[in-house]
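Structure file upload.txt (compact mmCIF, C-alpha atoms and all ligand atoms) follows.
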```txt
# COMPACT_ATOMS: atom_id res chain seq x y z
CA MET A 1 131.80 88.48 91.88
CA GLY A 2 133.28 87.04 88.68
CA PRO A 3 132.34 88.00 85.15
CA VAL A 4 128.89 87.04 83.95
CA THR A 5 129.01 84.19 81.48
CA GLY A 6 125.87 84.13 79.44
CA PRO A 7 122.30 84.22 80.61
CA GLY A 8 121.65 81.85 83.46
CA PRO A 9 118.93 81.40 86.01
CA GLY A 10 118.81 83.36 89.21
CA PRO A 11 119.58 87.00 89.87
CA VAL A 12 122.87 88.28 88.54
CA THR A 13 124.18 91.16 90.55
CA GLY A 14 126.41 93.88 89.26
CA ASP A 15 125.17 94.10 85.71
CA VAL A 16 123.49 97.21 84.40
CA LEU A 17 119.84 96.65 83.68
CA ILE A 18 118.73 100.15 82.79
CA SER A 19 120.89 102.76 81.08
CA LEU A 20 120.14 106.20 79.75
CA ASP A 21 122.67 108.27 77.91
CA GLY A 22 121.97 111.91 77.06
CA VAL A 23 118.24 111.27 76.81
CA GLU A 24 115.92 114.10 75.82
CA LYS A 25 112.23 114.36 75.22
CA VAL A 26 110.77 117.45 73.63
CA PHE A 27 107.03 117.85 73.16
CA ASP A 28 105.62 120.25 70.61
CA VAL A 29 102.68 121.88 72.28
CA ARG A 30 100.34 123.82 69.97
CA ARG A 31 98.31 126.57 71.41
CA ARG A 32 95.63 128.82 69.95
CA THR A 33 96.67 132.39 70.34
CA GLY A 34 93.75 133.93 68.46
CA PHE A 35 91.34 133.32 65.58
CA LEU A 36 93.16 130.97 63.17
CA ARG A 37 96.40 131.72 64.92
CA ARG A 38 98.41 129.03 66.55
CA GLU A 39 101.73 129.03 68.21
CA THR A 40 103.94 126.00 68.67
CA ARG A 41 105.94 125.88 71.81
CA GLU A 42 108.55 123.32 72.74
CA VAL A 43 108.35 121.70 76.13
CA ARG A 44 111.59 120.02 77.11
CA ALA A 45 110.20 117.40 79.49
CA VAL A 46 113.47 115.48 79.82
CA ASP A 47 116.87 117.03 79.23
CA SER A 48 120.27 115.33 78.84
CA LEU A 49 119.40 112.58 81.27
CA THR A 50 122.19 110.10 81.96
CA PHE A 51 122.11 107.34 84.59
CA THR A 52 122.34 103.60 85.05
CA VAL A 53 120.54 101.20 87.37
CA PRO A 54 122.18 97.89 88.25
CA ARG A 55 120.12 94.74 88.51
CA GLY A 56 118.48 94.19 91.87
CA GLU A 57 118.34 97.81 93.03
CA ILE A 58 115.27 99.71 94.27
CA VAL A 59 115.70 103.29 93.16
CA GLY A 60 113.51 106.21 94.15
CA TYR A 61 112.83 108.58 91.28
CA ILE A 62 111.50 111.78 92.73
CA GLY A 63 110.91 115.40 91.85
CA PRO A 64 108.24 118.07 91.77
CA ASN A 65 105.16 117.87 89.55
CA GLY A 66 106.01 118.29 85.90
CA ALA A 67 109.67 117.39 86.47
CA GLY A 68 109.64 114.67 83.81
CA LYS A 69 109.30 111.51 85.90
CA SER A 70 106.34 109.97 84.06
CA THR A 71 107.87 110.93 80.72
CA THR A 72 111.04 109.05 81.70
CA ILE A 73 109.05 105.98 82.68
CA LYS A 74 107.07 106.10 79.45
CA MET A 75 110.34 106.18 77.49
CA LEU A 76 111.66 103.26 79.54
CA THR A 77 108.62 101.19 78.56
CA GLY A 78 108.74 102.21 74.90
CA ILE A 79 105.42 104.10 75.02
CA LEU A 80 107.31 107.28 74.12
CA THR A 81 110.33 107.60 71.84
CA PRO A 82 113.15 109.87 73.03
CA SER A 83 113.90 112.93 70.93
CA ALA A 84 117.61 112.31 71.44
CA GLY A 85 119.94 110.01 73.33
CA ARG A 86 120.08 106.31 73.94
CA ILE A 87 118.10 104.01 76.24
CA ARG A 88 118.66 100.34 76.97
CA VAL A 89 116.59 98.19 79.28
CA ALA A 90 117.80 94.61 79.63
CA GLY A 91 119.80 95.20 76.48
CA ILE A 92 116.72 96.25 74.52
CA ASP A 93 115.96 99.60 72.89
CA PRO A 94 112.45 100.16 74.33
CA SER A 95 110.91 102.19 71.53
CA ARG A 96 112.23 99.87 68.80
CA GLU A 97 111.27 96.59 70.44
CA ARG A 98 108.44 97.47 72.71
CA THR A 99 106.71 94.10 72.49
CA ARG A 100 109.85 92.12 73.20
CA LEU A 101 110.61 94.40 76.14
CA ALA A 102 107.06 94.04 77.49
CA ARG A 103 107.81 90.47 78.55
CA ARG A 104 110.67 91.63 80.73
CA ILE A 105 109.15 94.64 82.44
CA GLY A 106 106.15 95.37 84.61
CA VAL A 107 104.51 98.79 84.89
CA VAL A 108 102.06 100.32 87.32
CA PHE A 109 100.72 103.82 86.76
CA GLY A 110 99.02 104.84 89.98
CA GLN A 111 96.69 107.21 88.21
CA ARG A 112 95.50 104.71 85.64
CA THR A 113 94.61 101.04 85.79
CA THR A 114 95.64 98.35 83.32
CA LEU A 115 92.88 96.11 84.65
CA TRP A 116 89.63 95.45 82.82
CA TRP A 117 87.20 97.77 84.50
CA ASP A 118 83.97 95.79 84.11
CA LEU A 119 85.40 92.31 84.59
CA PRO A 120 86.23 90.44 87.78
CA LEU A 121 89.86 90.91 88.78
CA ILE A 122 90.76 87.30 87.99
CA ASP A 123 89.80 87.81 84.31
CA SER A 124 92.54 90.41 83.87
CA TYR A 125 95.02 87.90 85.24
CA ARG A 126 93.76 85.15 82.93
CA LEU A 127 94.22 87.50 80.01
CA ALA A 128 97.77 88.30 81.10
CA HIS A 129 98.40 84.56 81.41
CA ARG A 130 97.55 84.07 77.76
CA MET A 131 98.91 87.34 76.43
CA TYR A 132 102.35 86.79 77.91
CA ARG A 133 102.18 83.02 77.34
CA ILE A 134 103.16 82.40 80.94
CA PRO A 135 103.73 78.68 81.59
CA ASP A 136 100.78 77.32 83.58
CA ALA A 137 102.76 76.26 86.64
CA ARG A 138 104.57 79.58 86.80
CA TYR A 139 101.36 81.53 86.39
CA ARG A 140 99.67 79.63 89.20
CA GLU A 141 102.67 80.01 91.48
CA ASN A 142 102.96 83.75 90.86
CA LEU A 143 99.24 84.30 91.19
CA ASP A 144 99.08 82.36 94.47
CA ARG A 145 101.98 84.34 95.84
CA CYS A 146 100.48 87.71 94.87
CA VAL A 147 97.05 86.71 96.16
CA GLU A 148 98.56 85.74 99.48
CA LEU A 149 100.96 88.64 99.99
CA LEU A 150 98.71 91.34 98.58
CA GLN A 151 95.62 89.82 100.20
CA LEU A 152 93.60 89.57 97.03
CA GLY A 153 91.79 86.32 97.82
CA GLU A 154 88.36 87.76 98.41
CA LEU A 155 88.70 90.25 95.60
CA LEU A 156 89.35 87.95 92.65
CA ASP A 157 85.69 87.64 91.68
CA VAL A 158 84.87 91.30 92.23
CA PRO A 159 84.58 93.57 89.16
CA VAL A 160 87.47 96.01 89.16
CA ARG A 161 85.20 99.06 89.20
CA GLN A 162 83.87 97.97 92.61
CA LEU A 163 87.31 97.83 94.22
CA SER A 164 88.58 100.58 96.51
CA LEU A 165 91.63 102.51 95.34
CA GLY A 166 93.94 100.52 97.62
CA GLN A 167 92.48 97.20 96.50
CA ARG A 168 92.69 98.19 92.86
CA MET A 169 96.32 99.25 93.26
CA ARG A 170 97.24 95.91 94.81
CA GLY A 171 95.40 94.26 91.92
CA ASP A 172 97.41 96.32 89.45
CA ILE A 173 100.70 95.44 91.10
CA ALA A 174 99.87 91.73 90.88
CA ALA A 175 98.95 92.13 87.20
CA ALA A 176 102.34 93.70 86.53
CA LEU A 177 104.19 90.77 88.11
CA LEU A 178 102.53 87.59 86.81
CA HIS A 179 105.02 87.23 83.95
CA ASP A 180 108.10 87.51 86.22
CA PRO A 181 109.45 90.82 84.97
CA GLU A 182 113.05 91.70 85.76
CA VAL A 183 112.17 95.35 86.18
CA LEU A 184 109.15 96.93 87.77
CA TYR A 185 108.35 100.58 87.10
CA LEU A 186 106.02 102.10 89.64
CA ASP A 187 104.66 105.58 88.93
CA GLU A 188 103.02 106.86 92.12
CA PRO A 189 101.79 103.46 93.32
CA THR A 190 100.81 104.70 96.76
CA ILE A 191 98.99 107.87 95.71
CA GLY A 192 95.69 108.16 97.54
CA LEU A 193 96.18 104.95 99.52
CA ASP A 194 95.39 104.68 103.21
CA VAL A 195 98.18 103.96 105.69
CA VAL A 196 97.45 100.22 105.92
CA SER A 197 97.42 99.71 102.15
CA LYS A 198 100.62 101.70 101.80
CA ALA A 199 102.38 99.56 104.38
CA ARG A 200 101.20 96.39 102.67
CA VAL A 201 102.43 97.54 99.27
CA ARG A 202 105.83 98.52 100.70
CA GLU A 203 106.29 95.22 102.45
CA PHE A 204 105.38 93.35 99.30
CA LEU A 205 107.91 95.32 97.23
CA ARG A 206 110.64 94.74 99.77
CA ASP A 207 110.03 90.98 99.71
CA LEU A 208 109.83 90.89 95.94
CA ASN A 209 113.18 92.63 95.67
CA ALA A 210 114.83 90.48 98.31
CA GLU A 211 113.52 87.14 97.08
CA ARG A 212 113.40 87.57 93.33
CA GLY A 213 115.99 90.30 92.86
CA THR A 214 113.45 92.36 90.92
CA THR A 215 114.78 95.78 90.03
CA VAL A 216 112.38 98.57 90.96
CA LEU A 217 112.17 102.16 89.77
CA LEU A 218 109.78 103.95 92.08
CA THR A 219 108.21 107.36 91.60
CA THR A 220 106.41 108.75 94.62
CA HIS A 221 105.54 111.90 96.54
CA ASP A 222 105.61 110.02 99.80
CA LEU A 223 108.95 110.34 101.53
CA THR A 224 108.16 107.35 103.74
CA ASP A 225 107.99 105.12 100.64
CA ILE A 226 111.51 106.21 99.81
CA GLU A 227 112.81 105.93 103.36
CA GLN A 228 111.52 102.41 103.73
CA LEU A 229 112.44 101.07 100.32
CA CYS A 230 115.26 102.90 98.61
CA ARG A 231 118.90 103.25 99.44
CA ARG A 232 119.39 105.30 96.33
CA VAL A 233 117.36 108.28 95.21
CA MET A 234 117.49 110.24 92.02
CA VAL A 235 115.97 113.69 92.03
CA ILE A 236 114.82 115.13 88.74
CA ASP A 237 113.78 118.72 88.21
CA HIS A 238 112.93 120.45 84.93
CA GLY A 239 113.90 117.24 83.17
CA ARG A 240 117.40 117.16 84.62
CA LEU A 241 118.99 114.95 87.20
CA VAL A 242 119.91 117.19 90.13
CA TYR A 243 120.79 114.57 92.75
CA ASP A 244 121.78 110.91 92.65
CA GLY A 245 122.82 109.24 95.87
CA PRO A 246 121.66 107.91 99.21
CA LEU A 247 118.59 109.33 100.88
CA THR A 248 120.69 110.27 103.89
CA GLY A 249 122.65 112.62 101.63
CA LEU A 250 119.46 114.26 100.52
CA HIS A 251 118.43 114.77 104.12
CA GLU A 252 121.74 116.38 104.88
CA VAL A 253 121.46 118.69 101.93
CA GLY A 254 117.99 119.72 103.04
CA GLU A 255 117.19 118.75 106.60
CA SER A 256 113.53 117.87 106.56
CA GLU A 257 110.89 118.91 109.02
CA ARG A 258 107.52 117.59 110.00
CA THR A 259 104.63 119.83 110.84
CA LEU A 260 102.31 119.69 113.77
CA VAL A 261 98.94 121.22 112.96
CA VAL A 262 97.41 122.35 116.23
CA ASP A 263 93.80 123.46 116.71
CA LEU A 264 93.41 125.40 119.92
CA GLU A 265 90.10 126.13 121.53
CA ARG A 266 90.57 129.82 120.81
CA GLU A 267 92.92 132.27 119.18
CA LEU A 268 96.12 132.63 121.16
CA PRO A 269 99.60 134.06 120.66
CA PRO A 270 102.09 131.68 118.99
CA ILE A 271 102.76 128.51 120.98
CA ASP A 272 106.17 128.65 122.63
CA LEU A 273 108.03 125.35 122.87
CA GLY A 274 111.53 126.83 122.94
CA ASP A 275 113.92 125.17 120.49
CA ALA A 276 111.82 122.02 120.15
CA ALA A 277 109.51 123.49 117.49
CA ARG A 278 108.80 126.79 115.84
CA VAL A 279 105.50 128.29 114.77
CA VAL A 280 105.51 128.79 111.01
CA LYS A 281 101.94 129.96 110.53
CA VAL A 282 98.93 131.09 112.57
CA GLU A 283 95.37 131.25 111.24
CA GLY A 284 92.77 131.98 113.89
CA PRO A 285 92.86 129.17 116.47
CA ARG A 286 94.99 126.99 114.16
CA GLN A 287 98.78 127.02 114.41
CA TRP A 288 101.41 125.17 112.37
CA LEU A 289 104.60 124.13 114.15
CA ALA A 290 107.66 122.78 112.36
CA PHE A 291 109.94 120.31 114.14
CA PRO A 292 112.84 118.12 112.96
CA ALA A 293 111.59 115.09 111.00
CA ARG A 294 113.84 112.75 112.93
CA GLY A 295 112.46 113.78 116.32
CA SER A 296 109.35 112.35 117.90
CA ALA A 297 106.11 114.31 118.00
CA ALA A 298 105.03 112.69 121.28
CA PRO A 299 106.80 115.02 123.78
CA LEU A 300 105.65 118.07 121.81
CA VAL A 301 102.08 116.87 121.84
CA ALA A 302 102.29 116.20 125.57
CA ARG A 303 103.61 119.68 126.28
CA ILE A 304 101.01 121.41 124.13
CA ALA A 305 98.22 119.36 125.72
CA ALA A 306 99.48 120.26 129.21
CA GLU A 307 100.04 123.97 128.59
CA TYR A 308 97.41 124.99 126.04
CA PRO A 309 93.65 124.51 125.51
CA LEU A 310 93.98 121.89 122.80
CA ALA A 311 91.00 120.97 120.60
CA ASP A 312 92.61 118.84 117.91
CA LEU A 313 95.95 118.02 116.41
CA SER A 314 97.56 116.22 113.48
CA VAL A 315 101.06 115.57 112.16
CA ARG A 316 102.04 116.22 108.56
CA GLU A 317 104.90 114.24 107.09
CA PRO A 318 107.50 116.12 105.09
CA ASP A 319 106.73 115.75 101.44
CA ILE A 320 109.25 115.33 98.72
CA GLU A 321 108.66 118.80 97.36
CA ALA A 322 109.50 120.40 100.70
CA VAL A 323 112.71 118.40 100.95
CA ILE A 324 113.70 119.36 97.44
CA ALA A 325 112.85 123.00 98.05
CA ARG A 326 115.16 123.00 101.05
CA MET A 327 117.79 121.21 99.07
CA TYR A 328 117.81 124.14 96.66
CA ALA A 329 117.79 126.66 99.46
CA GLY A 330 120.95 125.07 100.84
CA ARG A 331 122.66 124.89 97.49
CA PRO A 332 122.16 128.04 95.46
CA GLY A 333 122.83 127.74 91.76
CA VAL A 334 122.15 124.03 91.30
N1 LIG B 1 102.06 114.30 75.87
C1 LIG B 1 102.53 115.48 76.28
N2 LIG B 1 102.41 116.57 75.48
C2 LIG B 1 102.92 117.75 75.87
N3 LIG B 1 103.55 117.99 77.03
C3 LIG B 1 103.69 116.95 77.87
C4 LIG B 1 103.19 115.64 77.55
N4 LIG B 1 103.48 114.81 78.57
C5 LIG B 1 104.13 115.56 79.48
N5 LIG B 1 104.25 116.83 79.06
C6 LIG B 1 104.93 117.92 79.79
O1 LIG B 1 106.22 117.47 80.11
C7 LIG B 1 106.59 117.88 81.42
C8 LIG B 1 106.90 116.68 82.30
O2 LIG B 1 105.72 115.94 82.54
P1 LIG B 1 105.71 114.58 83.38
O3 LIG B 1 106.75 113.68 82.84
O4 LIG B 1 104.32 114.08 83.38
O5 LIG B 1 106.13 115.09 84.83
P2 LIG B 1 106.02 114.36 86.25
O6 LIG B 1 105.61 112.94 86.02
O7 LIG B 1 107.38 114.50 86.85
O8 LIG B 1 105.01 115.12 87.04
C9 LIG B 1 105.44 118.73 81.94
O9 LIG B 1 105.73 120.07 81.65
C10 LIG B 1 104.27 118.24 81.11
O10 LIG B 1 103.30 119.24 80.98
MG MG B 2 103.94 111.90 86.77
```

Any chance you could put this one into structure tokens?
Amino acid sequence: MGPVTGPGPGPVTGDVLISLDGVEKVFDVRRRTGFLRRETREVRAVDSLTFTVPRGEIVGYIGPNGAGKSTTIKMLTGILTPSAGRIRVAGIDPSRERTRLARRIGVVFGQRTTLWWDLPLIDSYRLAHRMYRIPDARYRENLDRCVELLQLGELLDVPVRQLSLGQRMRGDIAAALLHDPEVLYLDEPTIGLDVVSKARVREFLRDLNAERGTTVLLTTHDLTDIEQLCRRVMVIDHGRLVYDGPLTGLHEVGESERTLVVDLERELPPIDLGDAARVVKVEGPRQWLAFPARGSAAPLVARIAAEYPLADLSVREPDIEAVIARMYAGRPGV
């Protein structure tokens, strides 16, 4: 790939779209400690954070609750100003030129909608059309595409407050994309979604990235989101970057396990499946069995069903926190 000569149409690979250098965010939290007494405490939400994201990448941005993920995303949109360090997104300093940056980024906060609650979904899109001054043909093309791929057709005339969580999230993702952003920040976009909605959202993101070269920064607690979308993961903890690399590396650092939750018909001694799974907890007739995440649950289920009085059973996916916890266990002193 030769050097980039000026802005041209089409995706340009290899250039850095997002860069953070020594970024910090400190919040002053004031607390009442008694009558007329207050104490100010500093919370260092993000601490000496340095990384870059090249154009066209889908990066998973993961970490336990309170790690600083949302704070990072808010700084990358310009909603929050860093206490120290330097941020550039598409060459723009987000907190200085938030409005100019807004045309080039899309944001979805899973916990909060940007849609107009009382209005039909389509009205939010019409507003975005005017607000971002999207050329008519482009707007129509993008809207049609989102409506088709996110299956929004029957929802356009429905007031947002009547949509299910999964429908609303798809509506939010479309709203974030009508103006052709180069970067899409997704903060927990699959939280609370059912399996079908999750799959639909993932497929849409994969296509968007492949066809338009849209760069995606994805925060999620769902390891499957990461497995299916991201070759690169960054793990943040206590505001610091503690891992940056392929997901496979993360798995090696902390081999993940799935859990089989087994309800027996009565209380019994721990289920014995040899090396295939181990009982990690027993509570009355319910037993929890851990088994390697890469293995299949099917043979275990078959054995338990054949050898024990089985009443009910479910499989729990490894969550990000468990993987990270094991990552620490395997690497003391990180
Ligand atoms: N506006 C705020 N004022 C004070 N503290 C905040 C504020 N926003 C976030 N924090 C604190 O900063 C830390 C990181 O929060 P956040 O970025 O939301 O984490 P995450 O998204 O990874 O769960 C937490 O300790 C949180 O309580
Ligand atoms: Mg968050």

- Message: Using all atoms listed in the file, which protein or nucleic acid residues come within 9 Å of A:Val233? Drop anything in the same chain fewer than 2 positions from it, and give the result as a PyMOL selection string.
- Response: chain A and resi 58-62+226+230-231+235+243-247+250

- Message: Would you pick out the contacts of A:Leu300 at 8 Å or less, using all atoms listed in the file, so that residues sharing its chain but fewer than 2 positions from it are not included, and give the list as a count of residues only?
- Response: 9

- What does the distance from atom CA of A:Pro299 to atom CA of A:Asp275 come to in Å, to one decimal?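 So the answer is 12.8 Å.
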
- Residue nearest A:Ala174 - candidates A:Asn65, A:Thr248, A:Thr71, A:Thr113, atoms counted: only C-alpha atoms: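 Result for the nearest residue to A:Ala174: A:Thr113.
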
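Computed from the coordinates, the atom CA of A:Lys74 to atom CA of A:Arg103 distance equals 15.7 Å.
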
- Message: As a quick test: using all atoms listed in the file, which residues lie no more than 6 Å away from ligand LIG 1 (chain B)? Give them as an NGL selection string.
- Response: :A and (27 or 29 or 45 or 65-71)

- Message: Restricting the calculation to only C-alpha atoms and all ligand atoms: of A:Val26, A:Val108, A:Val43, A:Leu223, which residue gets closest to ligand MG 2 (chain B)?
- Response: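 Using only C-alpha atoms and all ligand atoms, ligand MG 2 (chain B) sits closest to A:Val108.
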
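Closest approach to A:Arg316 among A:Leu205, A:Val282, A:Val262, A:Ile134: A:Val262, based on all atoms listed in the file.
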
- Task: For each of A:Asp180, A:Leu163, A:His221, A:Leu149, take the minimum atom-to-atom distance to A:Phe204, counting only C-alpha atoms, then give the residue where this is smallest.
- Result: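 Looking at the shortest contact to A:Phe204, the residue is A:Leu149.
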
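Distances here use all atoms listed in the file; by that measure, the residue among A:Gly56, A:Pro189, A:Pro285, A:Gly91 closest to ligand MG 2 (chain B) is A:Pro189.
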
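Going from atom CA of A:Thr259 over to atom CA of A:Ala290, you cover 4.5 Å.
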